[in-house]
Structures are given as structure tokens and as C-alpha cells.
Amino acid sequence: MCLYVHGMSMPGARSHGQLSISASSAPRDLLTDRPSHAGAWTAKVITLFPEAFPGVLGLSLVGKALAEGLWNLEAVDLRLFGAGKHRSVDDTPSGGGAGMVLRADVMGSAIRQACREVALPLVYLSPRGRHLDQAMVQRFSEGPGMVLISGRFEGLDQRVIDRFGIEEVSLGDFVMTGGEIAAQALIDAAVRLLPGVVGNAASIEGESFSNGLLEYPQYTRPATWEGRDIPDVLTSGDHQAVAKWRRQEAERLTRERRPDLWRAYSGKDP
Ligand SMILES: C[S@@+](CC[C@H](N)C(=O)[O-])C[C@H]1O[C@@H](n2cnc3c(N)ncnc32)[C@H](O)[C@@H]1O
């Protein structure tokens, strides 16, 4: 949690180290130093590639919500905290080996800058982290926001993770070149749960994972496509029968595809 670092000295922190991303329909115009919307859910992303933001977060419902001030997005440019005249952010791994590691002093300064005003949970996107799931997303969306650290190279110096008690979150069992895509995935999933972002709240309620089940199959017009019909029950007008069919399909799919979810679900709600 950012609160952890309040009141500490901030060696190396520079006031120009943070780029604010706020409302605009043109993504490259979103990098401004305009003040954020006070009190709104806030995501701050520490990254070597601030230009990767807002990326997909500037599109569709989440982008519209950003433009309307329902949430704030700030990219903290790690390079601006770099050491020396070359603003170096990485160094060779202690003990030898391939690749480079993000320096603890540089990342520490960026974290303190990102945390200077508000207490937010600190998250490092990392393949070693706990797998992202809907319960975690819900927890983050119910808080004030988060500071996300996008790694690059071989990742962060372990001392930074330990010092700040940073939670590690993984997108899955695969390795990407950087944490920016993972950060955008987590932010997108959290923001769409904020009140007012998805117009029809009911469309969130029945979704996969929201009730411990995968979602039932979806259909829409035309009624027949390449010889395949929409199941009769969905066009019957019988709402109870539709609800029953959807429940059965959600249970069937979960049982077949996700025995882990099914065990948790059927143990809790036999
Ligand atoms: C090349 S990876 C570093 C991998 C690290 N050396 C390891 O083996 O665990 C660089 C950065 O990409 C991000 N990253 C890669 N895969 C990820 C995943 N599955 N989930 C979240 N972040 C990931 C992390 O921020 C990581 O620090």
C-alpha cells in the first residue's frame, strides 16, 4: 500500500516525473498535466513506456468513462527517475547471468512519486504473481485505485518488492516482454466494475466468474445462420424457462471446462 511510504524522504523524485492522462478522444493528446478528477478511482502506472497509455483504455466504455472523469489514469515515466546523465534505470544481475534488472533506487523514487498524495495498493505485474481473477479485480475496483508497476528486462530488484510490500499479480503462465499489457488488462477489468462505466449493470451480474460459474452461451439474430438455429427456449418468451436453461448451461460449461471452479461452486452451493 502506498500509505506505507508517506512521510519518507524522496531522494531522486522529480516533480516532472509523472504524466497525467486525462479526458480526450485523441489518445496522443491524453498526456497532459491537467489535474485529475478528485475522488475518482485512480490508476497510476509506472512504466518505461508511458506512450503505451491509454492504449486500449482510451477506447469504448472504459475510454468514455475516462473522458467523463469517472476514473483517472496517470503514467509515471520511469526514465525520468533514472540515474546519471543517461538516466539509467537498469543494471546487470547480481551474481551474473543474462539480462538486466530494474534498479531498486530508481524504482523506489518512482514509487514514492506515484504515492505522494494518496494511499493506493501497490501491484507489480509479474509472471511470478498470483493469477489475476475476478475476485481480485473486484477487490481492486472497490478500493480507491492502484499503483501498477510494469516491469521490463528481468524485472524488479527484489528489495523493492520487499521494502514496499508490493503485491505481485500475473496474467497467466506465460512471459511477455513487459508489464504494460498486463497493467491495461487489470485496469480494464477493474474500471468496468466501477459504478456508471457499463451502462447496463445487469450485463455484469450474469458474467463469467461473477457468480462462480462460466457464462452460458449467447446468441443473437439472425434466427438461423448457416443451418444453425438459436435454441427454441431463447425465443419462447418464457423468462423462467430462459433463466433455467441459462443456469443449466452455465453449470454444464463450468463442470466440463473448469473443474476447479465447479468444485468451489458446488461445494459452496450444492
Ligand atoms: C521478460 S519479463 C520478466 C520475466 C522474469 N525474468 C521471470 O522469469 O519471471 C518482463 C516483465 O514483463 C511483465 N510480465 C511478463 N509476463 C507477465 C505475466 N504473465 N503477467 C504479468 N506481467 C508479466 C513483468 O512486469 C516482467 O517484469
# chains A, B, ... in the order shown; residues from 1 in each chain; ligands from 1
call {"tool": "residues_near_ligand", "arguments": {"ligand": "ligand 1", "cutoff": "9 Å", "atoms": "only C-alpha atoms and all ligand atoms", "output": "PyMOL selection string"}}
result
chain A and resi 99+101-102+124-129+131-132+149-156+168-183
call {"tool": "write_last_selection", "arguments": {"atoms": "C-alpha atoms", "output": "tab-separated table (two decimals), in the first residue's frame"}}
result
chain	number	residue	atom	x	y	z
A	99	GLY	CA	19.62	-9.73	-18.99
A	101	VAL	CA	17.38	-5.81	-13.67
A	102	LEU	CA	15.45	-2.62	-12.87
A	124	TYR	CA	3.74	-5.40	-9.63
A	125	LEU	CA	2.65	-7.20	-12.80
A	126	SER	CA	4.81	-10.30	-12.74
A	127	PRO	CA	4.67	-13.87	-14.08
A	128	ARG	CA	5.58	-14.99	-10.55
A	129	GLY	CA	2.47	-13.37	-9.07
A	131	HIS	CA	-3.07	-15.31	-11.13
A	132	LEU	CA	-5.46	-12.47	-11.78
A	149	ILE	CA	4.39	-1.33	-11.78
A	150	SER	CA	5.19	-2.54	-15.29
A	151	GLY	CA	8.41	-4.49	-15.32
A	152	ARG	CA	10.84	-4.82	-18.22
A	153	PHE	CA	14.01	-6.85	-18.77
A	154	GLU	CA	14.38	-9.43	-15.97
A	155	GLY	CA	12.06	-7.46	-13.71
A	156	LEU	CA	12.45	-5.63	-10.38
A	168	GLU	CA	2.62	-9.49	-7.37
A	169	VAL	CA	-0.10	-10.26	-9.92
A	170	SER	CA	0.25	-12.44	-13.01
A	171	LEU	CA	-1.84	-12.51	-16.16
A	172	GLY	CA	-1.10	-16.21	-16.59
A	173	ASP	CA	1.59	-18.81	-17.03
A	174	PHE	CA	3.43	-17.18	-19.91
A	175	VAL	CA	6.09	-14.49	-20.20
A	176	MET	CA	5.63	-11.17	-22.00
A	177	THR	CA	8.36	-8.63	-22.67
A	178	GLY	CA	6.81	-6.06	-20.35
A	179	GLY	CA	4.02	-5.41	-17.87
A	180	GLU	CA	2.13	-2.76	-19.85
A	181	ILE	CA	-0.35	-5.15	-21.46
A	182	ALA	CA	-0.95	-6.85	-18.12
A	183	ALA	CA	-1.47	-3.45	-16.46
call {"tool": "select_by_dssp", "arguments": {"residues": "segment 184-261 of chain A", "states": "alpha helix (DSSP H)", "output": "JSON, numbers by chain"}}
result
{"A": [184, 185, 186, 187, 188, 189, 190, 191, 202, 203, 204, 205, 239, 240, 241, 242, 243, 244, 245, 246, 247, 248, 249, 250, 251, 252, 253, 254, 255, 256, 257, 259, 260, 261]}
call {"tool": "residues_around", "arguments": {"residues": "segment 245-255 of chain A", "least_positions_apart": "3", "cutoff": "8 Å", "atoms": "only C-alpha atoms", "output": "short mmCIF file (atom, residue, chain, number, x, y, z; two decimals) with N, CA and C atoms, in the first residue's frame"}}
result
data_model
loop_
_atom_site.label_atom_id
_atom_site.label_comp_id
_atom_site.auth_asym_id
_atom_site.auth_seq_id
_atom_site.Cartn_x
_atom_site.Cartn_y
_atom_site.Cartn_z
N LEU A 213 -19.58 -19.20 -11.75
CA LEU A 213 -19.78 -20.05 -12.94
C LEU A 213 -19.29 -19.33 -14.18
N LEU A 214 -18.96 -20.10 -15.23
CA LEU A 214 -18.74 -19.50 -16.55
C LEU A 214 -20.08 -19.07 -17.11
N GLU A 215 -20.06 -18.14 -18.01
CA GLU A 215 -21.33 -17.66 -18.57
C GLU A 215 -21.91 -18.67 -19.56
N TYR A 216 -23.24 -18.69 -19.64
CA TYR A 216 -23.98 -19.53 -20.60
C TYR A 216 -23.69 -19.03 -22.03
N PRO A 217 -23.98 -19.86 -23.06
CA PRO A 217 -23.77 -19.42 -24.45
C PRO A 217 -24.72 -18.27 -24.83
N VAL A 233 -35.83 -22.34 -26.74
CA VAL A 233 -36.21 -21.75 -25.45
C VAL A 233 -35.91 -20.25 -25.41
N ALA A 241 -38.22 -20.15 -18.14
CA ALA A 241 -37.56 -21.23 -18.87
C ALA A 241 -36.19 -20.78 -19.38
N VAL A 242 -36.10 -19.52 -19.81
CA VAL A 242 -34.81 -18.98 -20.28
C VAL A 242 -33.80 -18.98 -19.13
N ARG A 258 -14.04 -26.20 -16.39
CA ARG A 258 -13.29 -25.70 -15.24
C ARG A 258 -13.64 -26.46 -13.98
N PRO A 259 -13.11 -27.69 -13.87
CA PRO A 259 -13.40 -28.50 -12.68
C PRO A 259 -13.03 -27.77 -11.38
N LEU A 261 -13.29 -24.50 -10.74
CA LEU A 261 -14.40 -23.60 -10.40
C LEU A 261 -15.62 -24.39 -9.96
N TRP A 262 -15.84 -25.51 -10.65
CA TRP A 262 -17.04 -26.31 -10.36
C TRP A 262 -16.98 -26.87 -8.94
#
call {"tool": "residues_around", "arguments": {"residues": "Ala190 of chain A", "least_positions_apart": "4", "cutoff": "12 Å", "atoms": "only C-alpha atoms", "output": "PyMOL selection string"}}
result
chain A and resi 41-43+57+62+71+132-146+183-186+194-195+197-198+204
call {"tool": "write_last_selection", "arguments": {"atoms": "N, CA and C atoms", "output": "PDB file, in the first residue's frame"}}
result
ATOM      1  N   TRP A  41     -11.747   6.916  -8.840  1.00  0.00           N
ATOM      2  CA  TRP A  41     -10.842   5.758  -8.839  1.00  0.00           C
ATOM      3  C   TRP A  41      -9.645   6.096  -9.722  1.00  0.00           C
ATOM      4  N   THR A  42      -8.443   5.808  -9.230  1.00  0.00           N
ATOM      5  CA  THR A  42      -7.235   6.244  -9.937  1.00  0.00           C
ATOM      6  C   THR A  42      -6.260   5.095 -10.171  1.00  0.00           C
ATOM      7  N   ALA A  43      -5.808   4.966 -11.400  1.00  0.00           N
ATOM      8  CA  ALA A  43      -4.734   4.020 -11.724  1.00  0.00           C
ATOM      9  C   ALA A  43      -3.497   4.819 -12.111  1.00  0.00           C
ATOM     10  N   LEU A  57      -7.226   1.417 -23.201  1.00  0.00           N
ATOM     11  CA  LEU A  57      -8.022   2.023 -22.129  1.00  0.00           C
ATOM     12  C   LEU A  57      -8.661   3.340 -22.573  1.00  0.00           C
ATOM     13  N   VAL A  62     -14.705   2.047 -21.380  1.00  0.00           N
ATOM     14  CA  VAL A  62     -13.676   2.430 -20.411  1.00  0.00           C
ATOM     15  C   VAL A  62     -13.056   3.773 -20.800  1.00  0.00           C
ATOM     16  N   TRP A  71     -12.961   7.898 -13.811  1.00  0.00           N
ATOM     17  CA  TRP A  71     -11.726   7.363 -13.250  1.00  0.00           C
ATOM     18  C   TRP A  71     -10.553   8.155 -13.804  1.00  0.00           C
ATOM     19  N   LEU A 132      -4.363 -13.433 -11.832  1.00  0.00           N
ATOM     20  CA  LEU A 132      -5.464 -12.474 -11.779  1.00  0.00           C
ATOM     21  C   LEU A 132      -6.790 -13.209 -11.917  1.00  0.00           C
ATOM     22  N   ASP A 133      -7.727 -12.910 -11.040  1.00  0.00           N
ATOM     23  CA  ASP A 133      -9.070 -13.478 -11.181  1.00  0.00           C
ATOM     24  C   ASP A 133     -10.111 -12.412 -10.828  1.00  0.00           C
ATOM     25  N   GLN A 134     -11.364 -12.766 -11.003  1.00  0.00           N
ATOM     26  CA  GLN A 134     -12.424 -11.767 -10.863  1.00  0.00           C
ATOM     27  C   GLN A 134     -12.551 -11.270  -9.423  1.00  0.00           C
ATOM     28  N   ALA A 135     -12.257 -12.146  -8.460  1.00  0.00           N
ATOM     29  CA  ALA A 135     -12.335 -11.726  -7.053  1.00  0.00           C
ATOM     30  C   ALA A 135     -11.286 -10.652  -6.771  1.00  0.00           C
ATOM     31  N   MET A 136     -10.103 -10.833  -7.361  1.00  0.00           N
ATOM     32  CA  MET A 136      -9.035  -9.849  -7.174  1.00  0.00           C
ATOM     33  C   MET A 136      -9.417  -8.527  -7.848  1.00  0.00           C
ATOM     34  N   VAL A 137      -9.949  -8.636  -9.059  1.00  0.00           N
ATOM     35  CA  VAL A 137     -10.374  -7.443  -9.800  1.00  0.00           C
ATOM     36  C   VAL A 137     -11.432  -6.680  -8.997  1.00  0.00           C
ATOM     37  N   GLN A 138     -12.372  -7.425  -8.449  1.00  0.00           N
ATOM     38  CA  GLN A 138     -13.448  -6.824  -7.640  1.00  0.00           C
ATOM     39  C   GLN A 138     -12.850  -6.081  -6.439  1.00  0.00           C
ATOM     40  N   ARG A 139     -11.895  -6.732  -5.780  1.00  0.00           N
ATOM     41  CA  ARG A 139     -11.252  -6.103  -4.610  1.00  0.00           C
ATOM     42  C   ARG A 139     -10.598  -4.786  -5.021  1.00  0.00           C
ATOM     43  N   PHE A 140      -9.863  -4.787  -6.128  1.00  0.00           N
ATOM     44  CA  PHE A 140      -9.203  -3.547  -6.561  1.00  0.00           C
ATOM     45  C   PHE A 140     -10.221  -2.486  -6.974  1.00  0.00           C
ATOM     46  N   SER A 141     -11.303  -2.902  -7.607  1.00  0.00           N
ATOM     47  CA  SER A 141     -12.279  -1.907  -8.074  1.00  0.00           C
ATOM     48  C   SER A 141     -13.041  -1.283  -6.907  1.00  0.00           C
ATOM     49  N   GLU A 142     -13.119  -1.998  -5.788  1.00  0.00           N
ATOM     50  CA  GLU A 142     -13.839  -1.462  -4.628  1.00  0.00           C
ATOM     51  C   GLU A 142     -12.983  -0.492  -3.811  1.00  0.00           C
ATOM     52  N   GLY A 143     -11.682  -0.453  -4.081  1.00  0.00           N
ATOM     53  CA  GLY A 143     -10.794   0.467  -3.370  1.00  0.00           C
ATOM     54  C   GLY A 143     -10.693   1.807  -4.085  1.00  0.00           C
ATOM     55  N   PRO A 144      -9.719   2.633  -3.678  1.00  0.00           N
ATOM     56  CA  PRO A 144      -9.568   3.965  -4.282  1.00  0.00           C
ATOM     57  C   PRO A 144      -8.841   3.952  -5.619  1.00  0.00           C
ATOM     58  N   GLY A 145      -8.269   2.788  -5.983  1.00  0.00           N
ATOM     59  CA  GLY A 145      -7.489   2.694  -7.214  1.00  0.00           C
ATOM     60  C   GLY A 145      -6.236   1.893  -6.943  1.00  0.00           C
ATOM     61  N   MET A 146      -5.205   2.087  -7.757  1.00  0.00           N
ATOM     62  CA  MET A 146      -3.983   1.311  -7.557  1.00  0.00           C
ATOM     63  C   MET A 146      -2.790   1.937  -8.272  1.00  0.00           C
ATOM     64  N   ALA A 183      -0.919  -4.585 -17.214  1.00  0.00           N
ATOM     65  CA  ALA A 183      -1.474  -3.453 -16.457  1.00  0.00           C
ATOM     66  C   ALA A 183      -2.780  -2.994 -17.090  1.00  0.00           C
ATOM     67  N   GLN A 184      -2.802  -2.930 -18.419  1.00  0.00           N
ATOM     68  CA  GLN A 184      -4.020  -2.487 -19.094  1.00  0.00           C
ATOM     69  C   GLN A 184      -5.146  -3.494 -18.901  1.00  0.00           C
ATOM     70  N   ALA A 185      -4.798  -4.769 -18.900  1.00  0.00           N
ATOM     71  CA  ALA A 185      -5.826  -5.795 -18.681  1.00  0.00           C
ATOM     72  C   ALA A 185      -6.443  -5.646 -17.290  1.00  0.00           C
ATOM     73  N   LEU A 186      -5.603  -5.489 -16.303  1.00  0.00           N
ATOM     74  CA  LEU A 186      -6.100  -5.365 -14.924  1.00  0.00           C
ATOM     75  C   LEU A 186      -6.931  -4.088 -14.748  1.00  0.00           C
ATOM     76  N   LEU A 194     -16.675  -0.307 -12.029  1.00  0.00           N
ATOM     77  CA  LEU A 194     -16.998   0.930 -11.317  1.00  0.00           C
ATOM     78  C   LEU A 194     -18.412   1.378 -11.676  1.00  0.00           C
ATOM     79  N   PRO A 195     -19.134   1.947 -10.710  1.00  0.00           N
ATOM     80  CA  PRO A 195     -20.497   2.398 -10.994  1.00  0.00           C
ATOM     81  C   PRO A 195     -20.524   3.376 -12.165  1.00  0.00           C
ATOM     82  N   VAL A 197     -19.871   2.876 -15.361  1.00  0.00           N
ATOM     83  CA  VAL A 197     -18.996   2.648 -16.518  1.00  0.00           C
ATOM     84  C   VAL A 197     -19.694   1.785 -17.571  1.00  0.00           C
ATOM     85  N   VAL A 198     -20.233   0.651 -17.132  1.00  0.00           N
ATOM     86  CA  VAL A 198     -21.021  -0.186 -18.043  1.00  0.00           C
ATOM     87  C   VAL A 198     -22.473   0.214 -17.826  1.00  0.00           C
ATOM     88  N   ILE A 204     -23.207  -7.070 -16.232  1.00  0.00           N
ATOM     89  CA  ILE A 204     -22.056  -7.504 -15.438  1.00  0.00           C
ATOM     90  C   ILE A 204     -22.451  -8.639 -14.508  1.00  0.00           C
TER      91      ILE A 204
END
